[in-house]
file final_29.txt (compact mmCIF, C-alpha atoms)
# COMPACT_ATOMS: atom_id res chain seq x y z
CA MET A 1 16.95 -19.47 -11.41
CA LYS A 2 14.75 -21.59 -13.65
CA GLU A 3 11.27 -22.61 -12.59
CA THR A 4 12.34 -26.26 -12.50
CA ALA A 5 15.02 -25.34 -9.93
CA LEU A 6 12.26 -24.66 -7.42
CA TYR A 7 11.05 -28.25 -7.50
CA PRO A 8 13.89 -30.17 -5.74
CA PRO A 9 13.91 -27.94 -2.60
CA ILE A 10 10.11 -27.98 -2.45
CA LYS A 11 10.04 -31.77 -2.81
CA ALA A 12 12.71 -32.22 -0.13
CA TYR A 13 10.86 -29.88 2.23
CA LEU A 14 7.55 -31.71 1.83
CA THR A 15 9.18 -35.16 1.99
CA ARG A 16 10.70 -34.29 5.36
CA ALA A 17 7.19 -33.42 6.53
CA GLY A 18 5.96 -36.90 5.60
CA TRP A 19 4.47 -36.20 2.17
CA THR A 20 4.90 -38.34 -0.93
CA VAL A 21 5.67 -35.86 -3.69
CA LYS A 22 5.40 -35.97 -7.49
CA GLY A 23 5.91 -33.28 -10.10
CA GLU A 24 3.64 -32.33 -13.01
CA VAL A 25 0.59 -34.34 -12.03
CA GLY A 26 -2.44 -33.40 -14.10
CA ALA A 27 -2.59 -29.63 -14.38
CA ALA A 28 -0.61 -29.03 -11.15
CA ASP A 29 3.12 -28.34 -10.92
CA VAL A 30 3.56 -30.30 -7.68
CA VAL A 31 1.21 -32.72 -5.96
CA ALA A 32 1.86 -34.33 -2.58
CA ARG A 33 -0.11 -36.96 -0.70
CA ARG A 34 -0.10 -37.91 2.98
CA GLY A 35 -2.80 -40.40 3.89
CA ASP A 36 -6.06 -39.00 2.55
CA ASP A 37 -4.69 -35.45 2.34
CA ILE A 38 -3.68 -33.89 -0.96
CA LEU A 39 -1.43 -30.84 -1.22
CA VAL A 40 -0.74 -28.80 -4.36
CA VAL A 41 2.06 -26.32 -5.10
CA GLU A 42 2.18 -24.01 -8.11
CA LEU A 43 5.70 -22.92 -9.05
CA LYS A 44 6.54 -19.60 -10.67
CA LEU A 45 9.53 -17.25 -10.87
CA GLY A 46 7.40 -14.37 -9.62
CA PHE A 47 3.93 -13.39 -8.55
CA SER A 48 1.40 -12.63 -11.26
CA LEU A 49 -2.34 -12.56 -11.71
CA ALA A 50 -2.06 -15.81 -13.67
CA LEU A 51 -0.36 -17.49 -10.69
CA PHE A 52 -3.18 -16.45 -8.37
CA HIS A 53 -5.70 -17.72 -10.92
CA GLN A 54 -3.94 -21.09 -10.97
CA GLY A 55 -3.87 -21.30 -7.21
CA ILE A 56 -7.55 -20.45 -6.88
CA GLU A 57 -8.37 -23.07 -9.52
CA ARG A 58 -6.50 -25.72 -7.49
CA LEU A 59 -8.65 -24.89 -4.45
CA GLN A 60 -11.41 -26.82 -6.18
CA THR A 61 -9.31 -29.94 -5.58
CA THR A 62 -7.92 -29.34 -2.10
CA ASP A 63 -7.75 -26.69 0.59
CA LEU A 64 -3.98 -27.18 0.84
CA VAL A 65 -2.66 -25.05 -2.04
CA TYR A 66 0.62 -23.11 -1.99
CA LEU A 67 2.21 -20.65 -4.38
CA ALA A 68 6.00 -21.02 -4.51
CA VAL A 69 8.39 -18.32 -5.80
CA PRO A 70 12.10 -17.55 -5.41
CA ALA A 71 13.05 -15.63 -2.28
CA GLY A 72 14.12 -12.01 -2.57
CA GLY A 73 12.75 -9.09 -4.52
CA LYS A 74 11.10 -6.01 -3.14
CA ALA A 75 9.90 -6.53 0.41
CA LYS A 76 6.88 -4.25 0.00
CA ALA A 77 5.65 -6.10 -3.09
CA LEU A 78 6.24 -9.48 -1.42
CA LYS A 79 4.26 -8.41 1.65
CA ALA A 80 1.36 -7.24 -0.53
CA ASN A 81 1.32 -10.51 -2.51
CA VAL A 82 1.43 -12.62 0.64
CA LYS A 83 -1.48 -10.61 2.04
CA LEU A 84 -3.46 -11.19 -1.16
CA ALA A 85 -2.70 -14.91 -1.08
CA ARG A 86 -3.92 -15.17 2.50
CA ARG A 87 -7.12 -13.33 1.62
CA VAL A 88 -8.01 -15.95 -0.99
CA GLY A 89 -6.96 -18.92 1.14
CA LEU A 90 -3.61 -19.73 -0.51
CA GLY A 91 -0.32 -20.49 1.19
CA VAL A 92 3.01 -19.01 0.12
CA LEU A 93 6.46 -20.65 0.00
CA THR A 94 9.74 -19.03 -0.99
CA VAL A 95 12.90 -20.82 -2.11
CA ARG A 96 16.33 -19.27 -1.52
CA ALA A 97 18.50 -19.72 -4.60
CA ARG A 98 21.89 -20.17 -2.95
CA ASP A 99 20.99 -23.07 -0.65
CA GLY A 100 17.40 -24.12 -1.44
CA LEU A 101 16.03 -22.99 1.91
CA VAL A 102 12.22 -23.15 1.88
CA GLU A 103 10.32 -20.69 4.04
CA VAL A 104 6.58 -20.66 4.72
CA LEU A 105 5.28 -17.09 4.56
CA ALA A 106 1.62 -18.04 4.75
CA GLU A 107 -0.39 -21.16 5.42
CA PRO A 108 -3.46 -21.95 3.28
CA GLY A 109 -6.88 -21.59 4.83
CA PRO A 110 -9.55 -19.03 5.72
CA TYR A 111 -8.22 -15.64 6.79
CA ALA A 112 -10.01 -12.55 8.12
CA PRO A 113 -7.80 -9.44 8.45
CA ARG A 114 -8.04 -7.41 11.62
CA LYS A 115 -9.64 -4.02 11.17
CA SER A 116 -7.48 -1.04 12.11
CA LYS A 117 -9.39 1.62 14.04
CA LYS A 118 -6.46 4.00 13.59
CA LYS A 119 -6.46 3.66 9.79
CA LYS A 120 -10.23 4.05 9.66
CA ALA A 121 -10.08 7.18 11.82
CA ARG A 122 -7.32 8.61 9.59
CA LEU A 123 -9.41 7.96 6.48
CA VAL A 124 -12.52 9.55 7.99
CA LYS A 125 -10.47 12.59 9.08
CA ALA A 126 -9.07 13.01 5.57
CA PHE A 127 -12.57 12.67 4.10
CA GLU A 128 -14.08 15.25 6.43
CA ARG A 129 -11.23 17.72 5.93
CA LEU A 130 -11.47 17.62 2.13
CA GLU A 131 -13.97 20.19 0.88
CA GLY A 132 -16.07 19.20 -2.10
CA ASP A 133 -14.85 16.55 -4.55
CA PRO A 134 -11.77 18.14 -6.22
CA ASN A 135 -10.22 14.87 -7.41
CA ALA A 136 -13.21 13.68 -9.47
CA GLY A 137 -12.23 11.26 -12.19
CA GLY A 138 -8.66 10.93 -10.94
CA ALA A 139 -7.45 13.71 -13.25
CA THR A 140 -4.75 15.55 -11.30
CA ARG A 141 -2.96 18.15 -13.39
CA HIS A 142 -0.66 19.22 -10.55
CA GLY A 143 -1.12 16.31 -8.16
CA LEU A 144 -3.79 15.20 -5.73
CA VAL A 145 -5.84 17.79 -3.87
CA THR A 146 -5.82 17.13 -0.14
CA GLY A 147 -7.50 18.86 2.77
CA TYR A 148 -4.05 20.14 3.79
CA ARG A 149 -3.50 21.74 0.39
CA GLN A 150 -6.95 23.34 0.51
CA ASP A 151 -6.12 24.87 3.90
CA ALA A 152 -2.77 26.12 2.56
CA LEU A 153 -4.59 27.73 -0.38
CA LYS A 154 -6.93 29.57 2.01
CA CYS A 155 -3.90 30.98 3.82
CA ALA A 156 -2.24 31.92 0.53
CA ARG A 157 -5.38 33.68 -0.75
CA PHE A 158 -5.61 35.74 2.43
CA LEU A 159 -1.95 36.82 2.19
CA ALA A 160 -2.35 37.64 -1.50
CA VAL A 161 -5.12 40.11 -0.62
CA HIS A 162 -3.94 41.48 2.74
CA GLY A 163 -0.16 41.12 2.50
CA PRO A 164 2.10 39.80 5.30
CA SER A 165 -0.03 39.02 8.36
CA LYS A 166 0.12 37.47 11.81
CA GLY A 167 -0.61 33.79 11.95
CA SER A 168 -3.42 34.32 14.45
CA VAL A 169 -5.12 36.78 12.08
CA VAL A 170 -4.87 34.36 9.16
CA LYS A 171 -6.27 31.63 11.39
CA ASP A 172 -9.31 33.69 12.41
CA TRP A 173 -10.14 35.02 8.95
CA THR A 174 -9.63 31.78 7.03
CA GLU A 175 -11.08 29.54 9.77
CA VAL A 176 -8.08 27.24 9.35
CA PRO A 177 -7.08 26.11 12.90
CA GLN A 178 -3.59 25.03 11.76
CA ALA A 179 -2.89 28.18 9.70
CA THR A 180 0.23 29.23 11.64
CA ARG A 181 1.67 25.70 11.58
CA ILE A 182 0.96 25.34 7.85
CA MET A 183 2.76 28.60 7.04
CA ALA A 184 5.64 27.80 9.39
CA ASP A 185 6.18 24.29 8.01
CA ASP A 186 5.87 25.63 4.43
CA HIS A 187 5.74 22.25 2.69
CA TYR A 188 4.99 23.83 -0.70
CA GLY A 189 7.40 26.77 -0.55
CA TRP A 190 4.49 29.21 -0.63
CA PHE A 191 5.16 31.12 2.60
CA GLN A 192 8.01 33.04 4.17
CA ARG A 193 8.50 34.32 7.71
CA VAL A 194 8.77 38.11 7.45
CA SER A 195 9.22 38.68 11.18
CA LYS A 196 8.25 36.96 14.42
CA GLY A 197 4.75 35.55 13.93
CA ILE A 198 4.31 37.39 10.60
CA TYR A 199 4.12 35.46 7.32
CA GLY A 200 4.02 36.57 3.70
CA LEU A 201 3.47 34.98 0.30
CA THR A 202 6.39 33.92 -1.92
CA LYS A 203 6.58 33.92 -5.72
CA ALA A 204 6.01 30.17 -5.54
CA GLY A 205 2.89 30.90 -3.49
CA GLU A 206 1.59 33.27 -6.15
CA LYS A 207 2.20 30.60 -8.77
CA GLY A 208 0.49 28.05 -6.53
CA LEU A 209 -2.59 30.23 -6.38
CA ALA A 210 -2.59 30.52 -10.17
CA ASP A 211 -2.15 26.76 -10.61
CA TRP A 212 -4.73 25.80 -8.02
CA GLY A 213 -7.14 28.69 -8.46
CA ASP A 214 -10.05 26.41 -9.33
CA VAL A 215 -9.71 24.24 -6.21
call {"tool": "encode", "arguments": {"input": "final_29.txt", "output": "structure tokens"}}
result
Amino acid sequence: MKETALYPPIKAYLTRAGWTVKGEVGAADVVARRGDDILVVELKLGFSLALFHQGIERLQTTDLVYLAVPAGGKAKALKANVKLARRVGLGVLTVRARDGLVEVLAEPGPYAPRKSKKKKARLVKAFERLEGDPNAGGATRHGLVTGYRQDALKCARFLAVHGPSKGSVVKDWTEVPQATRIMADDHYGWFQRVSKGIYGLTKAGEKGLADWGDV
């Protein structure tokens, strides 16, 4: 699809809504007028920082500014771009290539996202669980250090010193409430179940301790 192919469906869509539409007016790709109202659409084959810059610039002329792109692509990226557009007051239109169907994914105008108590609580929990500041500077030689990994390392260190042990003993000595669950789930391949309720350290666990010894 060429960028110019977006124009006819957009014009038809706006015309049906009672707008008089013209292309390439001034610096704008599409300008529409209905009474005293002015509407602007910027056409692009994909989202980019430049497209958002153009849209924001057009907001100096009118509050009714849309970004129009072809339909399709990665749903996650599209959702993120629509969310960004809404945050800065821009609308979003998509045009389906096979039949020119125009869909409105966001209307222009002020937008205040709802706060998520669940996400905030999850972030606070992760912050409190993480000991120290192990990810300073973003340098992660073996990946990000999480509170879960720190707890797994405590369990691994105990087993390295004391050998195979009961989960309840590891829990008490390391002060990791989820010690038994961490060793049983074994997300890193560090632990093995020696017998009922007894866990030992694997070769991978020994290597994990060597790799993460400074955490």
call {"tool": "atom_distance", "arguments": {"input": "final_29.txt", "atom1": "atom CA of A:Thr146", "atom2": "atom CA of A:Lys196"}}
result
28.3 Å
call {"tool": "residues_around", "arguments": {"input": "final_29.txt", "residues": "A:Glu206", "least_positions_apart": "3", "cutoff": "12 Å", "atoms": "all atoms listed in the file", "output": "list in words"}}
result
Leu153, Cys155, Ala156, Arg157, Phe158, Leu159, Ala160, Val161, Gly163, Tyr188, Gly189, Trp190, Phe191, Gly200, Leu201, Thr202, Lys203, Leu209, Ala210, Asp211, Trp212 and Gly213 of chain A
call {"tool": "write_last_selection", "arguments": {"input": "final_29.txt", "atoms": "C-alpha atoms", "output": "PDB file, in the coordinates of the input"}}
result
ATOM      1  CA  LEU A 153      -4.590  27.730  -0.380  1.00  0.00           C
ATOM      2  CA  CYS A 155      -3.900  30.980   3.820  1.00  0.00           C
ATOM      3  CA  ALA A 156      -2.240  31.920   0.530  1.00  0.00           C
ATOM      4  CA  ARG A 157      -5.380  33.680  -0.750  1.00  0.00           C
ATOM      5  CA  PHE A 158      -5.610  35.740   2.430  1.00  0.00           C
ATOM      6  CA  LEU A 159      -1.950  36.820   2.190  1.00  0.00           C
ATOM      7  CA  ALA A 160      -2.350  37.640  -1.500  1.00  0.00           C
ATOM      8  CA  VAL A 161      -5.120  40.110  -0.620  1.00  0.00           C
ATOM      9  CA  GLY A 163      -0.160  41.120   2.500  1.00  0.00           C
ATOM     10  CA  TYR A 188       4.990  23.830  -0.700  1.00  0.00           C
ATOM     11  CA  GLY A 189       7.400  26.770  -0.550  1.00  0.00           C
ATOM     12  CA  TRP A 190       4.490  29.210  -0.630  1.00  0.00           C
ATOM     13  CA  PHE A 191       5.160  31.120   2.600  1.00  0.00           C
ATOM     14  CA  GLY A 200       4.020  36.570   3.700  1.00  0.00           C
ATOM     15  CA  LEU A 201       3.470  34.980   0.300  1.00  0.00           C
ATOM     16  CA  THR A 202       6.390  33.920  -1.920  1.00  0.00           C
ATOM     17  CA  LYS A 203       6.580  33.920  -5.720  1.00  0.00           C
ATOM     18  CA  LEU A 209      -2.590  30.230  -6.380  1.00  0.00           C
ATOM     19  CA  ALA A 210      -2.590  30.520 -10.170  1.00  0.00           C
ATOM     20  CA  ASP A 211      -2.150  26.760 -10.610  1.00  0.00           C
ATOM     21  CA  TRP A 212      -4.730  25.800  -8.020  1.00  0.00           C
ATOM     22  CA  GLY A 213      -7.140  28.690  -8.460  1.00  0.00           C
TER      23      GLY A 213
END
call {"tool": "closest_atom_pairs", "arguments": {"input": "final_29.txt", "of": "stretch 90-196 of chain A", "to": "stretch 58-68 of chain A", "cutoff": "9 Å", "atoms": "only C-alpha atoms", "output": "CSV"}}
result
residue,atom,partner,partner_atom,distance
A:Leu90,CA,A:Tyr66,CA,5.6
A:Gly91,CA,A:Tyr66,CA,4.2
A:Val92,CA,A:Leu67,CA,4.9
A:Leu93,CA,A:Ala68,CA,4.5
A:Thr94,CA,A:Ala68,CA,5.5
A:Val95,CA,A:Ala68,CA,7.3
A:Ala106,CA,A:Tyr66,CA,8.5
A:Glu107,CA,A:Tyr66,CA,7.7
A:Pro108,CA,A:Leu64,CA,5.8
A:Gly109,CA,A:Asp63,CA,6.7
call {"tool": "residues_around", "arguments": {"input": "final_29.txt", "residues": "stretch 79-81 of chain A", "least_positions_apart": "3", "cutoff": "10 Å", "atoms": "all atoms listed in the file", "output": "PyMOL selection string"}}
result
chain A and resi 47-48+52+74-76+84-87+92+105
call {"tool": "residues_around", "arguments": {"input": "final_29.txt", "residues": "stretch 33-36 of chain A", "least_positions_apart": "2", "cutoff": "6 Å", "atoms": "all atoms listed in the file", "output": "ChimeraX atom specification"}}
result
/A:19-20,38
call {"tool": "residues_near_point", "arguments": {"input": "final_29.txt", "point": "(11.1, -25.1, -0.2)", "cutoff": "10 Å", "atoms": "all atoms listed in the file", "output": "VMD selection string"}}
result
chain A and resid 6 to 14 68 to 71 93 to 96 100 to 104
call {"tool": "closest_residue", "arguments": {"input": "final_29.txt", "among": "A:Ala121, A:Ala32, A:Ala50, A:Leu130", "to": "A:Ala17", "atoms": "only C-alpha atoms"}}
result
A:Ala32
call {"tool": "atom_distance", "arguments": {"input": "final_29.txt", "atom1": "atom CA of A:Glu24", "atom2": "atom CA of A:Ala77"}}
result
28.1 Å
call {"tool": "closest_residue", "arguments": {"input": "final_29.txt", "among": "A:Lys125, A:Ser165, A:Asp172, A:Gln178", "to": "A:Asp151", "atoms": "only C-alpha atoms"}}
result
A:Gln178
call {"tool": "residues_around", "arguments": {"input": "final_29.txt", "residues": "A:Lys2", "least_positions_apart": "6", "cutoff": "10 Å", "atoms": "all atoms listed in the file", "output": "ChimeraX atom specification"}}
result
/A:44-45,70,97
call {"tool": "write_last_selection", "arguments": {"input": "final_29.txt", "atoms": "C-alpha atoms", "output": "PDB file, in the frame of the given file"}}
result
ATOM      1  CA  LYS A  44       6.540 -19.600 -10.670  1.00  0.00           C
ATOM      2  CA  LEU A  45       9.530 -17.250 -10.870  1.00  0.00           C
ATOM      3  CA  PRO A  70      12.100 -17.550  -5.410  1.00  0.00           C
ATOM      4  CA  ALA A  97      18.500 -19.720  -4.600  1.00  0.00           C
TER       5      ALA A  97
END
call {"tool": "closest_residue", "arguments": {"input": "final_29.txt", "among": "A:Arg129, A:Gly197, A:Gly46, A:Gly208", "to": "A:Pro177", "atoms": "all atoms listed in the file"}}
result
A:Arg129
call {"tool": "residues_around", "arguments": {"input": "final_29.txt", "residues": "A:Ala152", "least_positions_apart": "2", "cutoff": "8 Å", "atoms": "only C-alpha atoms", "output": "PyMOL selection string"}}
result
chain A and resi 148-150+154-156+179+182-183
call {"tool": "closest_residue", "arguments": {"input": "final_29.txt", "among": "A:Ala204, A:Ala184, A:Ala28, A:Leu78", "to": "A:Ile56", "atoms": "only C-alpha atoms"}}
result
A:Ala28
call {"tool": "closest_residue", "arguments": {"input": "final_29.txt", "among": "A:Gly147, A:Ile198, A:Arg181, A:Lys118", "to": "A:Val169", "atoms": "only C-alpha atoms"}}
result
A:Ile198
call {"tool": "atom_distance", "arguments": {"input": "final_29.txt", "atom1": "atom CA of A:Val145", "atom2": "atom CA of A:Phe127"}}
result
11.6 Å
call {"tool": "closest_residue", "arguments": {"input": "final_29.txt", "among": "A:Tyr199, A:Val194, A:Gly26, A:Asp185", "to": "A:Val170", "atoms": "all atoms listed in the file"}}
result
A:Tyr199
